[in-house]
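Just below is one structure, and these are the notes that go with it.
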Amino acid sequence: MGYITVDGTVICKAPSEKELDQREIEQIVSHTANTWQSGRGADETRRDTVQGKKAELALEGFLHRRSQIQYLSYDKFREDGYQKHAPFDGILFRRDTAPKLLEYLIGRINDDVAGSDKGQIGAVLRKELAACGVYTMEIKSSSLKKRDYEGVSALSGEEERVVEEDGTVFIYVRTEEEYQQIVNNIKRWDFFVYPYYKRKSEEIQTFYDYAESVRANTPDRERQQSNWRFLHDLIVAEYDNACDIYTRLYFDYETGEIYFPGYLKKGDFYKKPRIAHMPGGKSGQALYYMRSIADGRSFGEIDQDIASWHFGDEAAYGRLFAGDRRECIRCGADLQICNVTTRRAYRYRCYSCGAWYDMDEVNGAGR
């Protein structure tokens with residue numbers, strides 16, 4: 001299978017359905033609980049499952065051929081008979097990971113799932129996995145929509161065969177400029193992850209709404225904590241219970257290709273938390289933390305990146321929202337996070353000189 005890279009986005013031909021495990025697919029379809037697409041029938045669920053499995057297979061193939069990282073689908077080692085919701089899509093680990101260690105950790109995963117009514121694994125196990133260099137991953141797959149083709153001409157039917165350096169062949173059916181335009185269009189979208197405490201709400205529109213909703217349902221003693229401590233504890237809980245890595249893969253059904261626009265480490269969702277409803281009729285009232293795909297890292301850089309993945313240590317917590325001290329730009333005194341009810345927002349306040357700041361003024365757009 002050939003791969004090309006356009007501005008960090010990997011593109012390849014989608015695997016054929018013949019390459020998939022049809023028995024596995026039917027097992028998944030028959031046990032799928034439509035958590036937010038309540039109207040899906042069996043046929044639509046099967047199409048979505050096939051698409052998701054093609055995405056997994058394509059990513060697995062790329063990592064195997066172009067990196068020292070391996071991907072292993074949760075469905076390949078699960079022991080719950082597909083009865084419970086999967087706690088993640090798969091795991092990433094270096095090829096030189098000791099087989100005995102991997103076997104032990106997989107056993108720990110299945111034990112946690114067996115002890116959970118909903119098929120979850122605990123935050124303690126997530127930390128143990130990451131400490132051993134095994135990272136949980138969530139993969140969402142989507143099809144390119146009308147907006148993703150903006151600026152792209154209709155297919156002409158002409159094909160140009162190009163041979164790569166390693167001898168594999170990739171058949172281009174779009175111009176280089178058209179690939180670049182689609183990549184640019186995809187980067188307007190977001191990576192996303194469910195909030196930990198509440199997944200659906202019509203009333204919640206922002207992270208502020210969400211945090212205040214969580215606060216209202218916490219014990220009185222914890223609720224009375226300073227905004228700084230309450231928000232930091234909230235964000236740490238979200239972080240500790242999230243998968244380590246998130247990605248979205250996009251299918252171009254006009255050309256039979258898949259786009260891998262990159263991946264995001266979980267901490268990036270919680271540096272400047274943004275919560276919203278997913279657009280589109282299927283998602284209903286589902287809530288998500290969101291972060292721009294443009295902020296992601298290319299899969300072509302994963303070998304270099306993985307060495308810097310440190311999840312769950314104090315340094316990682318300090319980089320999260322409300323995780324470390326901020327100084328007043330005017331006088332240098334410590335800032336406090338305040339709940340500005342009239343604006344339904346959090347702002348920094350300096351009790352030394354009286355200055356107020358919006359979050360971005362202090363945190364910076366890139367934090």
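For the structure tokens, the naming scheme is as follows: chains receive sequential letters (A, B, ...) according to their order of presentation, residues are indexed from 1 within each chain, and ligands are indexed from 1 in presentation order.
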12 Å contact set for Phe93 in chain A, only C-alpha atoms, chain neighbours under 6 positions out, as an MDAnalysis selection string
chainID A and resid 60 63:64 67:73 99 101:102 105 129:137 244:245 302:303 306:307 309
Output for the residues just chosen: N, CA, C and O atoms as a CSV table (one decimal), in the first residue's frame:
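Final output, saved to result_8.csv:
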chain,number,residue,atom,x,y,z
A,60,GLU,N,-3.1,1.0,11.2
A,60,GLU,CA,-2.2,0.0,11.6
A,60,GLU,C,-1.1,-0.3,10.5
A,60,GLU,O,0.1,-0.5,10.8
A,63,LEU,N,1.5,2.6,10.4
A,63,LEU,CA,2.5,2.6,11.5
A,63,LEU,C,3.4,1.4,11.3
A,63,LEU,O,4.6,1.6,11.6
A,64,HIS,N,3.0,0.3,10.9
A,64,HIS,CA,3.8,-0.9,10.7
A,64,HIS,C,4.9,-0.6,9.6
A,64,HIS,O,6.0,-1.0,9.8
A,67,SER,N,6.9,3.3,10.8
A,67,SER,CA,7.4,3.7,12.1
A,67,SER,C,7.8,2.5,12.9
A,67,SER,O,7.7,1.4,12.4
A,68,GLN,N,8.3,2.8,14.1
A,68,GLN,CA,8.6,1.7,15.0
A,68,GLN,C,7.5,1.5,16.0
A,68,GLN,O,7.7,0.8,17.0
A,69,ILE,N,6.3,2.0,15.7
A,69,ILE,CA,5.1,1.9,16.6
A,69,ILE,C,4.2,0.9,16.0
A,69,ILE,O,4.0,0.9,14.8
A,70,GLN,N,3.6,0.2,16.9
A,70,GLN,CA,2.5,-0.8,16.5
A,70,GLN,C,1.2,-0.4,17.1
A,70,GLN,O,1.1,0.2,18.2
A,71,TYR,N,0.1,-0.7,16.3
A,71,TYR,CA,-1.2,-0.5,16.8
A,71,TYR,C,-1.9,-1.9,16.9
A,71,TYR,O,-1.8,-2.7,16.0
A,72,LEU,N,-2.6,-2.1,18.0
A,72,LEU,CA,-3.3,-3.3,18.3
A,72,LEU,C,-4.8,-2.9,18.7
A,72,LEU,O,-5.0,-2.3,19.7
A,73,SER,N,-5.7,-3.4,17.9
A,73,SER,CA,-7.1,-3.1,18.1
A,73,SER,C,-7.6,-3.8,19.4
A,73,SER,O,-7.3,-5.0,19.7
A,99,PRO,N,7.1,-8.9,24.9
A,99,PRO,CA,5.9,-9.6,24.8
A,99,PRO,C,5.2,-10.0,26.1
A,99,PRO,O,4.0,-9.9,26.3
A,101,LEU,N,5.5,-8.3,29.0
A,101,LEU,CA,4.9,-7.1,29.5
A,101,LEU,C,3.5,-6.8,28.8
A,101,LEU,O,2.6,-6.5,29.5
A,102,LEU,N,3.5,-6.9,27.5
A,102,LEU,CA,2.3,-6.6,26.8
A,102,LEU,C,1.2,-7.6,27.2
A,102,LEU,O,0.0,-7.2,27.4
A,105,LEU,N,-0.2,-6.6,30.6
A,105,LEU,CA,-1.0,-5.4,30.6
A,105,LEU,C,-2.3,-5.6,29.9
A,105,LEU,O,-3.4,-5.1,30.3
A,129,LEU,N,-0.5,1.8,32.3
A,129,LEU,CA,-0.2,1.5,30.9
A,129,LEU,C,0.8,2.5,30.3
A,129,LEU,O,1.8,2.1,29.7
A,130,ALA,N,0.5,3.8,30.6
A,130,ALA,CA,1.3,4.8,30.0
A,130,ALA,C,2.8,4.8,30.6
A,130,ALA,O,3.7,5.0,29.9
A,131,ALA,N,2.9,4.4,31.9
A,131,ALA,CA,4.2,4.3,32.5
A,131,ALA,C,5.0,3.2,31.9
A,131,ALA,O,6.2,3.3,31.8
A,132,CYS,N,4.3,2.2,31.3
A,132,CYS,CA,5.0,1.1,30.6
A,132,CYS,C,5.1,1.3,29.1
A,132,CYS,O,5.6,0.4,28.4
A,133,GLY,N,4.8,2.5,28.7
A,133,GLY,CA,4.9,2.8,27.2
A,133,GLY,C,3.8,2.2,26.4
A,133,GLY,O,4.0,1.9,25.2
A,134,VAL,N,2.7,1.9,26.9
A,134,VAL,CA,1.5,1.4,26.2
A,134,VAL,C,0.4,2.5,26.3
A,134,VAL,O,0.0,2.8,27.4
A,135,TYR,N,0.0,3.0,25.2
A,135,TYR,CA,-0.9,4.1,25.2
A,135,TYR,C,-2.3,3.8,24.5
A,135,TYR,O,-2.3,3.2,23.5
A,136,THR,N,-3.3,4.2,25.2
A,136,THR,CA,-4.7,4.0,24.7
A,136,THR,C,-5.0,5.0,23.6
A,136,THR,O,-4.6,6.2,23.7
A,137,MET,N,-5.8,4.6,22.7
A,137,MET,CA,-6.0,5.4,21.5
A,137,MET,C,-7.5,5.4,21.1
A,137,MET,O,-8.1,4.3,21.1
A,244,ASP,N,-5.1,8.3,25.8
A,244,ASP,CA,-3.9,9.1,25.7
A,244,ASP,C,-3.8,9.8,24.4
A,244,ASP,O,-3.3,11.0,24.3
A,245,ILE,N,-4.3,9.2,23.3
A,245,ILE,CA,-4.1,9.7,22.0
A,245,ILE,C,-5.5,9.7,21.2
A,245,ILE,O,-6.2,8.7,21.3
A,302,ILE,N,5.6,10.4,14.6
A,302,ILE,CA,5.2,9.7,15.8
A,302,ILE,C,6.4,9.1,16.5
A,302,ILE,O,6.5,9.0,17.7
A,303,ASP,N,7.4,8.6,15.7
A,303,ASP,CA,8.6,8.0,16.3
A,303,ASP,C,9.3,9.0,17.2
A,303,ASP,O,9.8,8.6,18.3
A,306,ILE,N,6.9,10.1,20.5
A,306,ILE,CA,6.5,9.2,21.5
A,306,ILE,C,7.4,9.2,22.7
A,306,ILE,O,7.0,8.9,23.8
A,307,ALA,N,8.7,9.5,22.4
A,307,ALA,CA,9.7,9.6,23.5
A,307,ALA,C,9.3,10.7,24.5
A,307,ALA,O,9.8,10.6,25.7
A,309,TRP,N,6.2,11.5,25.4
A,309,TRP,CA,4.8,11.3,26.0
A,309,TRP,C,5.0,10.9,27.5
A,309,TRP,O,5.3,9.8,27.8
Helix (DSSP H, G or I) call set, DSSP backbone run, range 141-324 of chain A, as a PDB file with N, CA and C atoms, in the first residue's frame:
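The new file result24.pdb reads:
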ATOM      1  N   LYS A 146     -19.551  17.928   1.793  1.00  0.00           N
ATOM      2  CA  LYS A 146     -19.537  18.926   0.724  1.00  0.00           C
ATOM      3  C   LYS A 146     -18.545  20.043   1.017  1.00  0.00           C
ATOM      4  N   ARG A 147     -18.500  20.514   2.260  1.00  0.00           N
ATOM      5  CA  ARG A 147     -17.595  21.617   2.608  1.00  0.00           C
ATOM      6  C   ARG A 147     -16.124  21.225   2.439  1.00  0.00           C
ATOM      7  N   ASP A 148     -15.835  19.926   2.586  1.00  0.00           N
ATOM      8  CA  ASP A 148     -14.441  19.474   2.477  1.00  0.00           C
ATOM      9  C   ASP A 148     -13.945  19.486   1.043  1.00  0.00           C
ATOM     10  N   TYR A 149     -14.860  19.569   0.079  1.00  0.00           N
ATOM     11  CA  TYR A 149     -14.481  19.608  -1.336  1.00  0.00           C
ATOM     12  C   TYR A 149     -14.468  21.040  -1.900  1.00  0.00           C
ATOM     13  N   GLU A 176      -2.007  17.844  -7.072  1.00  0.00           N
ATOM     14  CA  GLU A 176      -1.361  18.182  -5.800  1.00  0.00           C
ATOM     15  C   GLU A 176      -2.080  19.341  -5.130  1.00  0.00           C
ATOM     16  N   GLU A 177      -2.519  20.307  -5.911  1.00  0.00           N
ATOM     17  CA  GLU A 177      -3.232  21.456  -5.363  1.00  0.00           C
ATOM     18  C   GLU A 177      -4.571  21.039  -4.757  1.00  0.00           C
ATOM     19  N   GLU A 178      -5.236  20.085  -5.387  1.00  0.00           N
ATOM     20  CA  GLU A 178      -6.528  19.635  -4.861  1.00  0.00           C
ATOM     21  C   GLU A 178      -6.362  18.874  -3.556  1.00  0.00           C
ATOM     22  N   TYR A 179      -5.326  18.017  -3.473  1.00  0.00           N
ATOM     23  CA  TYR A 179      -5.054  17.354  -2.198  1.00  0.00           C
ATOM     24  C   TYR A 179      -4.801  18.388  -1.106  1.00  0.00           C
ATOM     25  N   GLN A 180      -4.010  19.401  -1.420  1.00  0.00           N
ATOM     26  CA  GLN A 180      -3.691  20.437  -0.440  1.00  0.00           C
ATOM     27  C   GLN A 180      -4.958  21.169  -0.007  1.00  0.00           C
ATOM     28  N   GLN A 181      -5.857  21.430  -0.945  1.00  0.00           N
ATOM     29  CA  GLN A 181      -7.086  22.136  -0.599  1.00  0.00           C
ATOM     30  C   GLN A 181      -7.953  21.299   0.331  1.00  0.00           C
ATOM     31  N   ILE A 182      -8.070  20.007   0.058  1.00  0.00           N
ATOM     32  CA  ILE A 182      -8.857  19.136   0.936  1.00  0.00           C
ATOM     33  C   ILE A 182      -8.235  19.079   2.325  1.00  0.00           C
ATOM     34  N   VAL A 183      -6.912  18.966   2.380  1.00  0.00           N
ATOM     35  CA  VAL A 183      -6.218  18.957   3.668  1.00  0.00           C
ATOM     36  C   VAL A 183      -6.502  20.239   4.432  1.00  0.00           C
ATOM     37  N   ASN A 184      -6.442  21.373   3.757  1.00  0.00           N
ATOM     38  CA  ASN A 184      -6.750  22.652   4.408  1.00  0.00           C
ATOM     39  C   ASN A 184      -8.183  22.678   4.923  1.00  0.00           C
ATOM     40  N   ASN A 185      -9.098  22.142   4.123  1.00  0.00           N
ATOM     41  CA  ASN A 185     -10.500  22.128   4.526  1.00  0.00           C
ATOM     42  C   ASN A 185     -10.726  21.245   5.755  1.00  0.00           C
ATOM     43  N   ILE A 186     -10.063  20.094   5.805  1.00  0.00           N
ATOM     44  CA  ILE A 186     -10.205  19.192   6.943  1.00  0.00           C
ATOM     45  C   ILE A 186      -9.735  19.866   8.228  1.00  0.00           C
ATOM     46  N   PHE A 207     -17.652  25.273  28.403  1.00  0.00           N
ATOM     47  CA  PHE A 207     -16.934  24.649  29.520  1.00  0.00           C
ATOM     48  C   PHE A 207     -17.377  25.262  30.843  1.00  0.00           C
ATOM     49  N   TYR A 208     -17.638  26.552  30.857  1.00  0.00           N
ATOM     50  CA  TYR A 208     -18.116  27.203  32.077  1.00  0.00           C
ATOM     51  C   TYR A 208     -19.413  26.548  32.550  1.00  0.00           C
ATOM     52  N   ASP A 209     -20.371  26.361  31.641  1.00  0.00           N
ATOM     53  CA  ASP A 209     -21.635  25.710  31.993  1.00  0.00           C
ATOM     54  C   ASP A 209     -21.385  24.311  32.556  1.00  0.00           C
ATOM     55  N   TYR A 210     -20.499  23.594  31.902  1.00  0.00           N
ATOM     56  CA  TYR A 210     -20.212  22.216  32.304  1.00  0.00           C
ATOM     57  C   TYR A 210     -19.603  22.186  33.707  1.00  0.00           C
ATOM     58  N   ALA A 211     -18.580  23.015  33.930  1.00  0.00           N
ATOM     59  CA  ALA A 211     -17.909  23.011  35.224  1.00  0.00           C
ATOM     60  C   ALA A 211     -18.869  23.403  36.345  1.00  0.00           C
ATOM     61  N   GLU A 212     -19.709  24.380  36.100  1.00  0.00           N
ATOM     62  CA  GLU A 212     -20.659  24.792  37.125  1.00  0.00           C
ATOM     63  C   GLU A 212     -21.714  23.717  37.363  1.00  0.00           C
ATOM     64  N   SER A 213     -22.076  22.961  36.338  1.00  0.00           N
ATOM     65  CA  SER A 213     -23.001  21.844  36.513  1.00  0.00           C
ATOM     66  C   SER A 213     -22.369  20.756  37.377  1.00  0.00           C
ATOM     67  N   VAL A 214     -21.076  20.471  37.136  1.00  0.00           N
ATOM     68  CA  VAL A 214     -20.375  19.490  37.963  1.00  0.00           C
ATOM     69  C   VAL A 214     -20.280  19.991  39.398  1.00  0.00           C
ATOM     70  N   ARG A 215     -19.961  21.273  39.554  1.00  0.00           N
ATOM     71  CA  ARG A 215     -19.850  21.856  40.896  1.00  0.00           C
ATOM     72  C   ARG A 215     -21.161  21.696  41.670  1.00  0.00           C
ATOM     73  N   ALA A 216     -22.279  21.910  40.998  1.00  0.00           N
ATOM     74  CA  ALA A 216     -23.584  21.836  41.657  1.00  0.00           C
ATOM     75  C   ALA A 216     -23.911  20.430  42.144  1.00  0.00           C
ATOM     76  N   ASP A 220     -20.811  19.466  49.435  1.00  0.00           N
ATOM     77  CA  ASP A 220     -20.700  20.869  49.839  1.00  0.00           C
ATOM     78  C   ASP A 220     -19.270  21.275  50.133  1.00  0.00           C
ATOM     79  N   ARG A 221     -18.507  20.423  50.823  1.00  0.00           N
ATOM     80  CA  ARG A 221     -17.154  20.802  51.203  1.00  0.00           C
ATOM     81  C   ARG A 221     -16.269  21.034  49.983  1.00  0.00           C
ATOM     82  N   GLU A 222     -16.380  20.131  49.004  1.00  0.00           N
ATOM     83  CA  GLU A 222     -15.584  20.278  47.788  1.00  0.00           C
ATOM     84  C   GLU A 222     -16.085  21.451  46.944  1.00  0.00           C
ATOM     85  N   ARG A 223     -17.401  21.684  46.988  1.00  0.00           N
ATOM     86  CA  ARG A 223     -17.976  22.764  46.194  1.00  0.00           C
ATOM     87  C   ARG A 223     -17.477  24.124  46.659  1.00  0.00           C
ATOM     88  N   ASN A 227     -12.167  28.585  43.251  1.00  0.00           N
ATOM     89  CA  ASN A 227     -12.335  28.223  41.850  1.00  0.00           C
ATOM     90  C   ASN A 227     -11.088  27.539  41.299  1.00  0.00           C
ATOM     91  N   TRP A 228      -9.946  28.056  41.706  1.00  0.00           N
ATOM     92  CA  TRP A 228      -8.683  27.507  41.207  1.00  0.00           C
ATOM     93  C   TRP A 228      -8.593  26.024  41.540  1.00  0.00           C
ATOM     94  N   ARG A 229      -8.782  25.642  42.820  1.00  0.00           N
ATOM     95  CA  ARG A 229      -8.646  24.246  43.239  1.00  0.00           C
ATOM     96  C   ARG A 229      -9.739  23.373  42.638  1.00  0.00           C
ATOM     97  N   PHE A 230     -10.974  23.858  42.654  1.00  0.00           N
ATOM     98  CA  PHE A 230     -12.065  23.069  42.097  1.00  0.00           C
ATOM     99  C   PHE A 230     -11.839  22.783  40.611  1.00  0.00           C
ATOM    100  N   LEU A 231     -11.472  23.807  39.844  1.00  0.00           N
ATOM    101  CA  LEU A 231     -11.287  23.642  38.412  1.00  0.00           C
ATOM    102  C   LEU A 231     -10.090  22.740  38.110  1.00  0.00           C
ATOM    103  N   HIS A 232      -9.030  22.885  38.891  1.00  0.00           N
ATOM    104  CA  HIS A 232      -7.869  22.020  38.667  1.00  0.00           C
ATOM    105  C   HIS A 232      -8.225  20.563  38.945  1.00  0.00           C
ATOM    106  N   ASP A 233      -8.924  20.299  40.032  1.00  0.00           N
ATOM    107  CA  ASP A 233      -9.326  18.920  40.348  1.00  0.00           C
ATOM    108  C   ASP A 233     -10.246  18.360  39.267  1.00  0.00           C
ATOM    109  N   LEU A 234     -11.141  19.197  38.770  1.00  0.00           N
ATOM    110  CA  LEU A 234     -12.035  18.772  37.695  1.00  0.00           C
ATOM    111  C   LEU A 234     -11.243  18.383  36.450  1.00  0.00           C
ATOM    112  N   ILE A 235     -10.316  19.245  36.038  1.00  0.00           N
ATOM    113  CA  ILE A 235      -9.545  18.987  34.829  1.00  0.00           C
ATOM    114  C   ILE A 235      -8.651  17.761  34.984  1.00  0.00           C
ATOM    115  N   VAL A 236      -8.066  17.569  36.154  1.00  0.00           N
ATOM    116  CA  VAL A 236      -7.228  16.387  36.387  1.00  0.00           C
ATOM    117  C   VAL A 236      -8.061  15.109  36.260  1.00  0.00           C
ATOM    118  N   ALA A 237      -9.286  15.125  36.788  1.00  0.00           N
ATOM    119  CA  ALA A 237     -10.160  13.959  36.661  1.00  0.00           C
ATOM    120  C   ALA A 237     -10.492  13.681  35.197  1.00  0.00           C
ATOM    121  N   GLU A 238     -10.776  14.741  34.434  1.00  0.00           N
ATOM    122  CA  GLU A 238     -11.053  14.561  33.005  1.00  0.00           C
ATOM    123  C   GLU A 238      -9.832  13.944  32.307  1.00  0.00           C
ATOM    124  N   TYR A 239      -8.671  14.490  32.604  1.00  0.00           N
ATOM    125  CA  TYR A 239      -7.414  14.051  31.994  1.00  0.00           C
ATOM    126  C   TYR A 239      -7.098  12.598  32.350  1.00  0.00           C
ATOM    127  N   ASP A 240      -7.208  12.255  33.628  1.00  0.00           N
ATOM    128  CA  ASP A 240      -6.840  10.910  34.074  1.00  0.00           C
ATOM    129  C   ASP A 240      -7.736   9.820  33.496  1.00  0.00           C
ATOM    130  N   LYS A 266      -3.912  13.810  24.801  1.00  0.00           N
ATOM    131  CA  LYS A 266      -5.097  14.181  25.584  1.00  0.00           C
ATOM    132  C   LYS A 266      -4.934  15.499  26.325  1.00  0.00           C
ATOM    133  N   GLY A 267      -3.730  15.805  26.791  1.00  0.00           N
ATOM    134  CA  GLY A 267      -3.545  17.034  27.542  1.00  0.00           C
ATOM    135  C   GLY A 267      -3.916  18.280  26.771  1.00  0.00           C
ATOM    136  N   ASP A 268      -3.839  18.207  25.432  1.00  0.00           N
ATOM    137  CA  ASP A 268      -4.144  19.387  24.626  1.00  0.00           C
ATOM    138  C   ASP A 268      -5.607  19.795  24.709  1.00  0.00           C
ATOM    139  N   PHE A 269      -6.490  18.852  25.047  1.00  0.00           N
ATOM    140  CA  PHE A 269      -7.898  19.206  25.210  1.00  0.00           C
ATOM    141  C   PHE A 269      -8.123  20.050  26.460  1.00  0.00           C
ATOM    142  N   ILE A 293      -8.130  20.367  14.586  1.00  0.00           N
ATOM    143  CA  ILE A 293      -7.262  19.407  13.911  1.00  0.00           C
ATOM    144  C   ILE A 293      -5.955  20.072  13.493  1.00  0.00           C
ATOM    145  N   ALA A 294      -5.997  21.355  13.228  1.00  0.00           N
ATOM    146  CA  ALA A 294      -4.779  22.079  12.851  1.00  0.00           C
ATOM    147  C   ALA A 294      -3.742  22.067  13.973  1.00  0.00           C
ATOM    148  N   ASP A 295      -4.164  21.787  15.211  1.00  0.00           N
ATOM    149  CA  ASP A 295      -3.246  21.744  16.341  1.00  0.00           C
ATOM    150  C   ASP A 295      -2.593  20.375  16.521  1.00  0.00           C
ATOM    151  N   PHE A 299       1.317  11.917  11.850  1.00  0.00           N
ATOM    152  CA  PHE A 299       1.724  10.542  12.147  1.00  0.00           C
ATOM    153  C   PHE A 299       3.124  10.247  11.612  1.00  0.00           C
ATOM    154  N   GLY A 300       3.578  11.032  10.677  1.00  0.00           N
ATOM    155  CA  GLY A 300       4.937  10.859  10.178  1.00  0.00           C
ATOM    156  C   GLY A 300       5.995  11.215  11.202  1.00  0.00           C
ATOM    157  N   GLU A 301       5.601  11.875  12.296  1.00  0.00           N
ATOM    158  CA  GLU A 301       6.542  12.297  13.331  1.00  0.00           C
ATOM    159  C   GLU A 301       6.395  11.487  14.613  1.00  0.00           C
ATOM    160  N   ILE A 302       5.601  10.425  14.583  1.00  0.00           N
ATOM    161  CA  ILE A 302       5.248   9.738  15.822  1.00  0.00           C
ATOM    162  C   ILE A 302       6.436   9.064  16.487  1.00  0.00           C
ATOM    163  N   ASP A 303       7.401   8.576  15.719  1.00  0.00           N
ATOM    164  CA  ASP A 303       8.582   7.961  16.331  1.00  0.00           C
ATOM    165  C   ASP A 303       9.334   8.951  17.206  1.00  0.00           C
ATOM    166  N   GLN A 304       9.462  10.182  16.728  1.00  0.00           N
ATOM    167  CA  GLN A 304      10.158  11.196  17.502  1.00  0.00           C
ATOM    168  C   GLN A 304       9.310  11.679  18.679  1.00  0.00           C
ATOM    169  N   ASP A 305       8.006  11.751  18.494  1.00  0.00           N
ATOM    170  CA  ASP A 305       7.123  12.301  19.511  1.00  0.00           C
ATOM    171  C   ASP A 305       6.941  11.380  20.710  1.00  0.00           C
ATOM    172  N   ILE A 306       6.867  10.085  20.457  1.00  0.00           N
ATOM    173  CA  ILE A 306       6.464   9.160  21.509  1.00  0.00           C
ATOM    174  C   ILE A 306       7.434   9.183  22.691  1.00  0.00           C
ATOM    175  N   ALA A 307       8.678   9.537  22.433  1.00  0.00           N
ATOM    176  CA  ALA A 307       9.663   9.600  23.513  1.00  0.00           C
ATOM    177  C   ALA A 307       9.334  10.688  24.526  1.00  0.00           C
ATOM    178  N   SER A 308       8.528  11.668  24.114  1.00  0.00           N
ATOM    179  CA  SER A 308       8.199  12.783  25.012  1.00  0.00           C
ATOM    180  C   SER A 308       6.826  12.637  25.653  1.00  0.00           C
ATOM    181  N   GLU A 314       3.365  14.980  37.664  1.00  0.00           N
ATOM    182  CA  GLU A 314       3.042  16.318  38.148  1.00  0.00           C
ATOM    183  C   GLU A 314       3.293  17.392  37.095  1.00  0.00           C
ATOM    184  N   ALA A 315       4.338  17.197  36.292  1.00  0.00           N
ATOM    185  CA  ALA A 315       4.626  18.175  35.242  1.00  0.00           C
ATOM    186  C   ALA A 315       3.488  18.239  34.236  1.00  0.00           C
ATOM    187  N   ALA A 316       2.913  17.073  33.916  1.00  0.00           N
ATOM    188  CA  ALA A 316       1.788  17.035  32.980  1.00  0.00           C
ATOM    189  C   ALA A 316       0.580  17.752  33.575  1.00  0.00           C
ATOM    190  N   TYR A 317       0.307  17.541  34.848  1.00  0.00           N
ATOM    191  CA  TYR A 317      -0.822  18.206  35.488  1.00  0.00           C
ATOM    192  C   TYR A 317      -0.638  19.718  35.496  1.00  0.00           C
ATOM    193  N   GLY A 318       0.588  20.162  35.683  1.00  0.00           N
ATOM    194  CA  GLY A 318       0.852  21.589  35.744  1.00  0.00           C
ATOM    195  C   GLY A 318       0.590  22.309  34.441  1.00  0.00           C
TER     196      GLY A 318
END
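One finds CA of Leu287 in chain A at 6.9 Å from CA of Ser201 in chain A.
Interatomic distance, CA of Pro87 in chain A to CA of Asn241 in chain A: 10.1 Å.
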Counting only C-alpha atoms, figure out which residue out of A:Ser292, A:Tyr270, A:Glu254, A:Glu138 gets nearest to Arg319 in chain A.
A:Tyr270
Point-to-point distance from CA of Gly107 in chain A to CA of Val124 in chain A, Å rounded to tenths
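Going from CA of Gly107 in chain A over to CA of Val124 in chain A covers 14.7 Å.
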Can you pull out every residue within 10 Å of Leu335 in chain A, counting only C-alpha atoms, but drop anything in the same chain fewer than 6 positions away, and send it as a list of chain:residue names?
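The filter keeps A:Trp228, A:Arg325, A:Arg326, A:Glu327, A:Cys328, A:Ile329, A:Arg347, A:Tyr348, A:Arg349, A:Cys350, A:Tyr351, A:Ser352, A:Gly354, A:Ala355, A:Trp356, A:Tyr357, A:Val362.
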Met290 in chain A environment, 6 Å, only C-alpha atoms, sequence neighbours closer than 5 positions dropped, as a list of chain:residue names:
A:Asp190, A:Phe191, A:Phe192, A:Arg274
Keeping only N, CA, C and O atoms, write the selected residues to a file as a compact mmCIF listing (two decimals), in the first residue's frame.
# COMPACT_ATOMS: atom_id res chain seq x y z
N ASP A 190 -12.47 19.58 14.10
CA ASP A 190 -11.89 19.38 15.43
C ASP A 190 -11.67 17.90 15.75
O ASP A 190 -12.41 17.03 15.27
N PHE A 191 -10.69 17.66 16.61
CA PHE A 191 -10.64 16.41 17.37
C PHE A 191 -11.62 16.58 18.52
O PHE A 191 -11.91 17.70 18.95
N PHE A 192 -12.11 15.47 19.07
CA PHE A 192 -13.06 15.61 20.17
C PHE A 192 -13.01 14.41 21.11
O PHE A 192 -12.60 13.32 20.75
N ARG A 274 -12.52 23.65 25.81
CA ARG A 274 -13.66 24.17 25.04
C ARG A 274 -14.66 23.03 24.88
O ARG A 274 -14.33 21.96 24.35
Apply DSSP to the backbone of this structure and, from range 151-312 of chain A, keep only the residues in strand (DSSP E); write these as number ranges by chain.
A: 160-163, 169-172, 190-193, 245-252, 257-260, 263-265, 275-277, 287-292
Can I get the selected residues back with C-alpha atoms, as an mmCIF file, in the first residue's frame?
data_model
loop_
_atom_site.group_PDB
_atom_site.id
_atom_site.type_symbol
_atom_site.label_atom_id
_atom_site.label_comp_id
_atom_site.auth_asym_id
_atom_site.auth_seq_id
_atom_site.Cartn_x
_atom_site.Cartn_y
_atom_site.Cartn_z
ATOM 1 C CA GLU A 160 -1.419 9.264 -12.966
ATOM 2 C CA ARG A 161 0.605 6.290 -11.713
ATOM 3 C CA VAL A 162 3.532 7.257 -9.489
ATOM 4 C CA VAL A 163 6.094 4.839 -8.080
ATOM 5 C CA VAL A 169 2.635 2.353 -6.117
ATOM 6 C CA PHE A 170 0.133 5.088 -5.372
ATOM 7 C CA ILE A 171 -2.426 6.114 -7.990
ATOM 8 C CA TYR A 172 -3.117 9.840 -7.894
ATOM 9 C CA ASP A 190 -11.891 19.378 15.435
ATOM 10 C CA PHE A 191 -10.636 16.415 17.371
ATOM 11 C CA PHE A 192 -13.058 15.610 20.167
ATOM 12 C CA VAL A 193 -13.502 13.646 23.387
ATOM 13 C CA ILE A 245 -4.140 9.746 21.965
ATOM 14 C CA TYR A 246 -7.004 10.872 19.695
ATOM 15 C CA THR A 247 -7.292 10.963 15.945
ATOM 16 C CA ARG A 248 -9.841 11.335 13.140
ATOM 17 C CA LEU A 249 -9.541 9.681 9.744
ATOM 18 C CA TYR A 250 -11.482 10.985 6.739
ATOM 19 C CA PHE A 251 -12.752 8.851 3.845
ATOM 20 C CA ASP A 252 -12.873 10.278 0.340
ATOM 21 C CA GLU A 257 -8.774 7.224 -0.254
ATOM 22 C CA ILE A 258 -8.300 7.924 3.452
ATOM 23 C CA TYR A 259 -6.800 11.073 4.977
ATOM 24 C CA PHE A 260 -4.914 10.885 8.303
ATOM 25 C CA TYR A 263 -3.310 13.065 16.202
ATOM 26 C CA LEU A 264 -3.676 14.912 19.479
ATOM 27 C CA LYS A 265 -2.386 14.077 22.951
ATOM 28 C CA ILE A 275 -16.918 22.241 25.275
ATOM 29 C CA ALA A 276 -19.674 22.304 22.666
ATOM 30 C CA HIS A 277 -22.278 20.150 20.982
ATOM 31 C CA LEU A 287 -21.163 17.090 24.608
ATOM 32 C CA TYR A 288 -17.510 17.090 23.602
ATOM 33 C CA TYR A 289 -14.259 18.743 24.465
ATOM 34 C CA MET A 290 -12.911 20.022 21.148
ATOM 35 C CA ARG A 291 -9.524 21.071 19.796
ATOM 36 C CA SER A 292 -8.691 22.049 16.224
#
